[in-house]
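Let me begin by presenting the structure, written as structure tokens, before commenting on it.
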Amino acid sequence: MAAPAAIAATVVLAVCAALAGWGLVRRLGIGGDGRRFPPVLLAVLLAAWGSAASLAAVPLVVLCAGAWAAFALAFCLASGRAAHGLFAANLVFSCFAVSVLLVFSAASILVGGMPWQVVEDDSLRPAVLAAGLALFCGAALAFRGLLDRFPLDAEGGRSYAALFWFGWFSLAYILFDALPSLFRLDVPLLSEFLGASMLLLGVSVAAFVVATSLLGRDAHVEEEYLALMERRERQEARLGQLRDQASRDALTGLVSRRTGLRTVEDLLEHGRPFAVAYLDMNGLKAVNDTFGHEAGDACLVRLADALRSSFPGRAALCRMSGDEFLVVLPEGDEREVGRHAGEALEVLAAQPVEGVGAVSFSFGTAASGCEGESAAALVARADRAMYQSKRAYHGRVSGGAR
């Protein structure tokens, strides 16, 4: 019969082991705040396991299964998520089983027997269990230090999934090594092989945790980089939209006065030939006074649409003010820009605005080529030509080169 002192020592060390195991789980971020399933209940489970194992000679397989069940129940209830709980149980149990089975194999080597014989020896079993639990407490502290240096992401990801399945592999590995005690096999060097196997498993778990942590860290950095790039692309797209909105007239969708003048300045700066047409819609004030501003806006939109359909894509179409427009035609001359303006007038005549009638405009043209002329001076020249055309026209619009 096991000595009461040995049993008491085993129970106390089981409680210490429970607290050490709980600390590991908290380090993984799975243990919650302890209110869902307090760590004292895990201590009770392991204490009950330790006392039962001290009093009854059970195979190593059953011994390991009982400890794993205590960890799995506690951690699954603590996390509220079975996957996280089993992940923690397998990881902590791997450290636990390596510690206990190492001590059992060492004891069997010292007494010259088999591991299952140590399990069945009432005088040795409690002391060996106590030593195994003490070793686990030290291993848990060392493993916690490893997790401090190489933290794991328990919220998911490929690295976490790999470690999750490695935990199940470790569990199968441990149970397989404990099977000879279930069948009471008397195999030469069995104790040595069990000890070496547990050492190998302990090193493998530590190495896998380090590798998984590093892979997870790299993956996290990559995810952060991709998220940053995606955020930057969204910001650039939004900035582009804002720039586009700022450079365009809200009503007609044509570019703004500032953008139109900048286009003229750029063409002059680079010495490229171009021509401009300055347009003024006829009778906008009368339309606004008679039919209302909504009708006037409809006429302006119709005029802008006519310019889009009549001028080539390379032309810059600008709304300069209320009823005035500017067309900049790169690589064009006054004759070409005047022809396209005439086409726009034909489009407007064929598509009258409902309730108002046909829209028309007066225009004047100007071309680059005057040495030293500024953008403002060139546009002013086209503006003067437009006013001459407007004064000369009564009822029918005409345009001419100036």
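Identifiers for the structure tokens are assigned positionally: chains receive A, B, ... in sequence, residues are indexed from 1 per chain, and ligands are indexed from 1 in the order shown.
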
Output as a ChimeraX atom specification all residues of range 70-264 of chain A that backbone DSSP marks as alpha helix (DSSP H).
-> /A:70-79,82-111,115-120,125-149,158-182,190-246,257-264

How many Å separate CA of Ile109 in chain A from CA of Gly66 in chain A?
->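 Answer for the CA of Ile109 in chain A to CA of Gly66 in chain A separation: 24.6 Å.
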
Would you work out the distance separating CA of Leu77 in chain A from CA of Cys137 in chain A, expressed in Å to one decimal?
-> 22.4 Å

Pull the closest atom pair for each residue of range 244-307 of chain A that gets at most 7 Å from range 343-365 of chain A, along with the distance in Å to one decimal, counting only C-alpha atoms, ordering rows by chain and then ascending residue number, as a Markdown table.
| residue | atom | partner | partner_atom | distance |
| --- | --- | --- | --- | --- |
| A:Val276 | CA | A:Thr365 | CA | 5.6 |
| A:Ala277 | CA | A:Thr365 | CA | 4.4 |
| A:Tyr278 | CA | A:Gly364 | CA | 5.3 |
| A:Leu279 | CA | A:Phe363 | CA | 4.2 |
| A:Asp280 | CA | A:Ser362 | CA | 5.3 |
| A:Met281 | CA | A:Phe361 | CA | 4.1 |
| A:Asn282 | CA | A:Phe361 | CA | 4.9 |
| A:Cys299 | CA | A:Val359 | CA | 6.5 |
| A:Leu303 | CA | A:Leu348 | CA | 6.9 |
| A:Ala306 | CA | A:Ala344 | CA | 5.2 |
| A:Leu307 | CA | A:Ala344 | CA | 5.6 |

Range 308-321 of chain A surroundings by only C-alpha atoms, 6 Å radius, close-in-sequence under 6 positions cut, as a PyMOL selection string | chain A and resi 254-257+260+327-329+340+343-344

Determine the nearest neighbour of Ala72 in chain A from the options A:Phe291, A:Phe104, A:Phe183, A:Trp22, counting only C-alpha atoms.
-> A:Trp22

Show me, as CSV, the residues of range 186-223 of chain A having an atom within 8 Å of range 167-179 of chain A, each with the closest atom pair and its distance in Å, using only C-alpha atoms.
residue,atom,partner,partner_atom,distance
A:Leu194,CA,A:Asp177,CA,6.5
A:Ser197,CA,A:Asp177,CA,7.8
A:Met198,CA,A:Ile174,CA,7.8
A:Leu201,CA,A:Ser170,CA,7.3
